[in-house]
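Shown next, in structure tokens, is the structure this report addresses.
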Protein chains: 2
Amino acid sequence: VIDRAALARNIARMAAFAAARGIALRPHAKTHKSSAIGRLQVDAGAAGLCCAKLGEAEALAADGLASLHLTSPVVTAGAIARLAALNARTGGLSVVADHPEAVRRLDAANAGKPLAVLVDVDPGNHRTGVASPEAAVALARGIVASASLRFGGVQFYCGSQQHVRSWDERREAIAVRTRYLETVLAALREAGIGVPVVTGGGTGSFAIDAELGVLTELQVGSYIFLDREYRDCELERGGAPAFEPSLFVEATVISANAPGMVTIDAGLKALSPDAGAPTVIGVPGASYRFMGDEHGAIVSQGPLPGLGERVALIPGHCDPTVNLYDAYHLLDGESIVDVWPVTARGRST
Amino acid sequence: VIDRAALARNIARMAAFAAARGIALRPHAKTHKSSAIGRLQVDAGAAGLCCAKLGEAEALAADGLASLHLTSPVVTAGAIARLAALNARTGGLSVVADHPEAVRRLDAANAGKPLAVLVDVDPGNHRTGVASPEAAVALARGIVASASLRFGGVQFYCGSQQHVRSWDERREAIAVRTRYLETVLAALREAGIGVPVVTGGGTGSFAIDAELGVLTELQVGSYIFLDREYRDCELERGGAPAFEPSLFVEATVISANAPGMVTIDAGLKALSPDAGAPTVIGVPGASYRFMGDEHGAIVSQGPLPGLGERVALIPGHCDPTVNLYDAYHLLDGESIVDVWPVTARGRST
């Protein structure tokens with residue numbers, strides 16, 4: 001369930017922040033996987049959207065969205081053929097690379113319209129990205145020298161640093177890594193390679209990134225929903241604007257026979273457990289406990305909802321929870337006013 | 001990806017076990033959510049299938065499957081109306097109840113064909129079920145006295161006990177709870193209420209349940225795929241037949257720039273993390289580490305797969321992992337020979 005007004009406020013607040021700081025916004029669609037939400041973000045001024053997987057970009061492009069940036073490398077022959085076909089039929093597509101072999105394969109497969117390729121730089125988390133300024137320059141040179149690719153810039157995403165609780169420690173973690181990013185950008189400059197875009201950042205770091213002034217584009221995703229995990233981080237948010245939870249899972253009490261608890265019909269298949277328990281809304285003092293694939297417990301020393309009653313939960317982690325559902329139900333006040341498909345649900349490759 | 005031959009062997013082994021022990025088999029479809037697999041189980045002799053959610057039963061019934069048993073209480077007016085409609089168009093439907101109000105609502109909504117209702121008995125895990133023999137008798141009397149319901153028997157599912165590692169401790173945990181179940185059955189007998197079915201058990205306990213001889217029907221689910229979690233339990237399996245992993249997630253190496261690891265395109269949206277890491281197949285000494293929503297690391301001191309190569313993984317927990325995918329790819333030797341939809345994917349209510 002989405003609180004439509006809260007979603008709209010979150011989108012407007014981030015758009016206003018980016019406009020005021022003169023930094024481009026390219027929200028990450030991996031959070032919502034929704035054409036409808038992506039369109040709201042673009043209508044609010046976003047330069048385009050990020051996608052985590054090629055299948056996600058294909059699904060959003062099929063709904064007419066363009067200016068899509070793929071934030072993970074695409075390396076197999078099959079996937080590169082799909083990417084080249086998507087580039088031929090979509091405007092403003094870009095992708096990252098972190099290996100010369102992938103650049104060679106992309107160049108060989110793409111034809112006609114140039115494909116923008118950005119060099120992904122590893123900030124030290126070893127998820128994706130080249131491992132040194134020298135590797136970044138070599139890869140950028142390969143892209144510049146290619147027949148069918150265009151050098152699109154640099155991507156630099158500090159994943160785990162988004163969730164450092166203390167604002168000062170988070171700021172320092174991002175600042176240290178951004179100083180490294182500056183050495184990469186200096187090496188590219190010295191090699192005579194212009195860098196049109198420096199993209200990265202997230203909901204935990206965007207205000208820091210804007211202050212540091214090295215990124216030209218923000219890949220924020222979770223701000224639109226603000227899950228429990230990011231809400232915990234927002235307790236210390238420095239100069240960042242406030243966002244509010246706009247995404248809820250509604251479940252039903254299906255058993256109420258044990259003291260101090262009731263059982264609801266939402267377990268591991270309804271709420272991703274990776275970030276821990278969701279937050280229970282509207283039941284003071286109550287907490288949620290996972291009870292297997294299909295069930296959860298609402299536990300409290302105080303009053304509990306009765307058999308058949310609804311319970312609303314703020315997911316622990318919005319992205320993998322959204323990926324469990326086929327549709328969003330849009331709430332306006334007390335009424336469901338619309339149903340939006342989770343357009344790219346399950347598009348994991 | 002399903003190894004079709006391994007799946008067939010698992011189905012045949014459980015069917016042979018149940019036939020030899022003279023106990024009915026009603027495999028739980030919450031594991032696979034697939035009409036095709038459900039049909040294979042029924043063709044091998046199963047009395048029908050279990051479903052965790054009404055939406056799951058609706059999806060399987062729409063594909064022509066019958067004799068479906070709902071293992072969780074259905075309590076809201078809206079869900080009960082759907083259940084009554086499903087009963088009208090499907091043969092052999094049954095549902096559990098654990099509260100007199102739910103029985104009243106079921107009786108009021110059902111019409112025409114009687115609906116079989118089983119009393120769900122809590123083994124002490126406090127997930128669902130009545131809390132005492134007296135409550136079981138009172139609820140069964142309510143079902144017997146109703147106008148449109150038929151008393152279908154008793155359900156007794158020992159959830160967390162399925163995963164006790166030590167066989168002797170697991171056997172003792174199940175035996176203690178089964179002795180309690182016998183007091184419930186005795187109370188029903190003394191009340192003059194015949195119990196046609198006693199259903200329960202799982203992949204961790206079915207051989208113990210068969211030996212104890214109180215259950216008349218087994219609700220085993222995970223045996224068809226045998227995830228890493230149940231495989232760990234199988235290291236001690238007493239007299240139970242051996243099953244084998246038949247379900248795999250295939251992922252692709254998309255980054256290979258850091259020493260001792262490569263990054264694959266399968267993270268929290270491709271592998272449910274609740275039971276921990278999946279097992280890496282075919283890379284000796286390698287292990288998997290979650291790296292967020294979209295990625296995982298394959299870590300090893302030895303040789304690692306190269307960029308673009310495939311890696312096969314045995315999921316930590318099959319049920320919530322299957323629920324992430326729209327389709328199974330059926331592997332026969334080296335070839336994908338069929339694609340089966342995950343019929344009831346995402347049907348969480």
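Residues in the structure tokens are named by chain (A, B, ... in the order shown) and by number from 1 within that chain; ligands are numbered from 1 in the order shown.
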Could the residues of chain A that have an atom at most 6 Å from chain B be listed as JSON lines, each with its closest atom pair and the distance in Å to one decimal, counting only C-alpha atoms and ordered by chain and ascending residue number?
```
{"residue": "A:Pro73", "atom": "CA", "partner": "B:Ile254", "partner_atom": "CA", "distance": 6.0}
{"residue": "A:Val75", "atom": "CA", "partner": "B:Gly308", "partner_atom": "CA", "distance": 5.6}
{"residue": "A:Thr76", "atom": "CA", "partner": "B:Gly308", "partner_atom": "CA", "distance": 5.0}
{"residue": "A:Thr128", "atom": "CA", "partner": "B:Ser255", "partner_atom": "CA", "distance": 5.6}
{"residue": "A:Ile254", "atom": "CA", "partner": "B:Pro73", "partner_atom": "CA", "distance": 6.0}
{"residue": "A:Ser255", "atom": "CA", "partner": "B:Thr128", "partner_atom": "CA", "distance": 5.6}
{"residue": "A:Lys269", "atom": "CA", "partner": "B:Pro320", "partner_atom": "CA", "distance": 5.5}
{"residue": "A:Gly308", "atom": "CA", "partner": "B:Thr76", "partner_atom": "CA", "distance": 5.0}
{"residue": "A:Pro320", "atom": "CA", "partner": "B:Lys269", "partner_atom": "CA", "distance": 5.5}
{"residue": "A:Tyr325", "atom": "CA", "partner": "B:Gly346", "partner_atom": "CA", "distance": 5.9}
{"residue": "A:Gly346", "atom": "CA", "partner": "B:Tyr325", "partner_atom": "CA", "distance": 5.9}
```
Now that the selection is made, can you save its residues with all heavy atoms as a compact mmCIF listing (two decimals), in the first residue's frame?
```
# COMPACT_ATOMS: atom_id res chain seq x y z
N PRO A 73 27.35 -3.88 -14.47
CA PRO A 73 27.94 -4.29 -15.75
C PRO A 73 27.08 -5.35 -16.47
O PRO A 73 26.47 -6.20 -15.82
CB PRO A 73 29.29 -4.89 -15.34
CG PRO A 73 29.59 -4.31 -14.00
CD PRO A 73 28.26 -4.13 -13.33
N VAL A 75 27.65 -8.27 -19.25
CA VAL A 75 28.88 -8.92 -19.74
C VAL A 75 28.68 -10.11 -20.68
O VAL A 75 29.56 -10.38 -21.50
CB VAL A 75 29.77 -9.36 -18.55
CG1 VAL A 75 30.17 -8.15 -17.71
CG2 VAL A 75 29.10 -10.41 -17.70
N THR A 76 27.58 -10.85 -20.56
CA THR A 76 27.46 -12.04 -21.41
C THR A 76 27.00 -11.67 -22.82
O THR A 76 26.37 -10.63 -23.04
CB THR A 76 26.44 -13.04 -20.83
OG1 THR A 76 25.14 -12.44 -20.84
CG2 THR A 76 26.80 -13.45 -19.41
N THR A 128 31.28 -3.93 -7.51
CA THR A 128 31.65 -3.80 -8.92
C THR A 128 32.57 -2.59 -9.03
O THR A 128 32.70 -1.80 -8.11
CB THR A 128 30.42 -3.59 -9.84
OG1 THR A 128 29.77 -2.34 -9.47
CG2 THR A 128 29.42 -4.73 -9.72
N ILE A 254 -5.03 -13.49 11.69
CA ILE A 254 -5.74 -14.73 11.36
C ILE A 254 -5.80 -15.70 12.54
O ILE A 254 -6.47 -16.73 12.46
CB ILE A 254 -5.12 -15.45 10.14
CG1 ILE A 254 -3.66 -15.82 10.44
CG2 ILE A 254 -5.24 -14.62 8.88
CD1 ILE A 254 -3.17 -16.98 9.60
N SER A 255 -5.12 -15.40 13.64
CA SER A 255 -5.20 -16.27 14.81
C SER A 255 -4.92 -15.43 16.05
O SER A 255 -4.04 -14.56 16.03
CB SER A 255 -4.19 -17.42 14.70
OG SER A 255 -4.36 -18.36 15.76
N LYS A 269 7.38 -14.37 2.89
CA LYS A 269 6.99 -14.14 1.49
C LYS A 269 6.30 -12.79 1.31
O LYS A 269 5.95 -12.43 0.18
CB LYS A 269 6.08 -15.27 1.01
CG LYS A 269 6.78 -16.62 0.89
CD LYS A 269 5.82 -17.68 0.41
CE LYS A 269 6.48 -19.05 0.40
NZ LYS A 269 5.49 -20.13 0.18
N GLY A 308 -9.21 -10.97 12.42
CA GLY A 308 -9.75 -10.38 11.20
C GLY A 308 -9.38 -8.92 11.00
O GLY A 308 -9.63 -8.37 9.93
N PRO A 320 13.66 -5.11 -1.61
CA PRO A 320 13.32 -6.53 -1.79
C PRO A 320 11.90 -6.88 -1.34
O PRO A 320 11.37 -7.91 -1.75
CB PRO A 320 14.37 -7.27 -0.95
CG PRO A 320 14.88 -6.27 0.02
CD PRO A 320 14.73 -4.92 -0.61
N TYR A 325 5.73 -8.32 -4.64
CA TYR A 325 4.34 -7.99 -4.97
C TYR A 325 4.15 -7.65 -6.45
O TYR A 325 5.02 -7.06 -7.07
CB TYR A 325 3.87 -6.80 -4.12
CG TYR A 325 3.78 -7.15 -2.65
CD1 TYR A 325 4.87 -7.00 -1.80
CD2 TYR A 325 2.60 -7.68 -2.13
CE1 TYR A 325 4.79 -7.35 -0.46
CE2 TYR A 325 2.51 -8.03 -0.79
CZ TYR A 325 3.60 -7.87 0.04
OH TYR A 325 3.53 -8.22 1.35
N GLY A 346 10.56 -9.02 -10.26
CA GLY A 346 11.18 -10.30 -10.61
C GLY A 346 12.15 -10.24 -11.76
O GLY A 346 12.71 -11.27 -12.13
```
Inset, instruction - Any chance you could list, as an NGL selection string, the residues in stretch 39-148 of chain A that come up helix (DSSP H, G or I) when DSSP is run on the backbone? - result: :A and (39-43 or 54-62 or 77-89 or 100-109 or 133-145)
Inset, instruction - Write out as a VMD selection string the residues lying within 12 Å of B:His32, counting only C-alpha atoms and excluding same-chain residues fewer than 4 positions away. - result: chain B and resid 2 7 27 to 28 36 to 41 49 to 52 56 60 220 to 226 246 to 247 317 to 328 340 to 346
Legend entry - One-decimal distance in Å that lies between atom CA of A:Leu218 and atom CA of A:Val198: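 Result for atom CA of A:Val198 versus atom CA of A:Leu218: 8.8 Å, one decimal.
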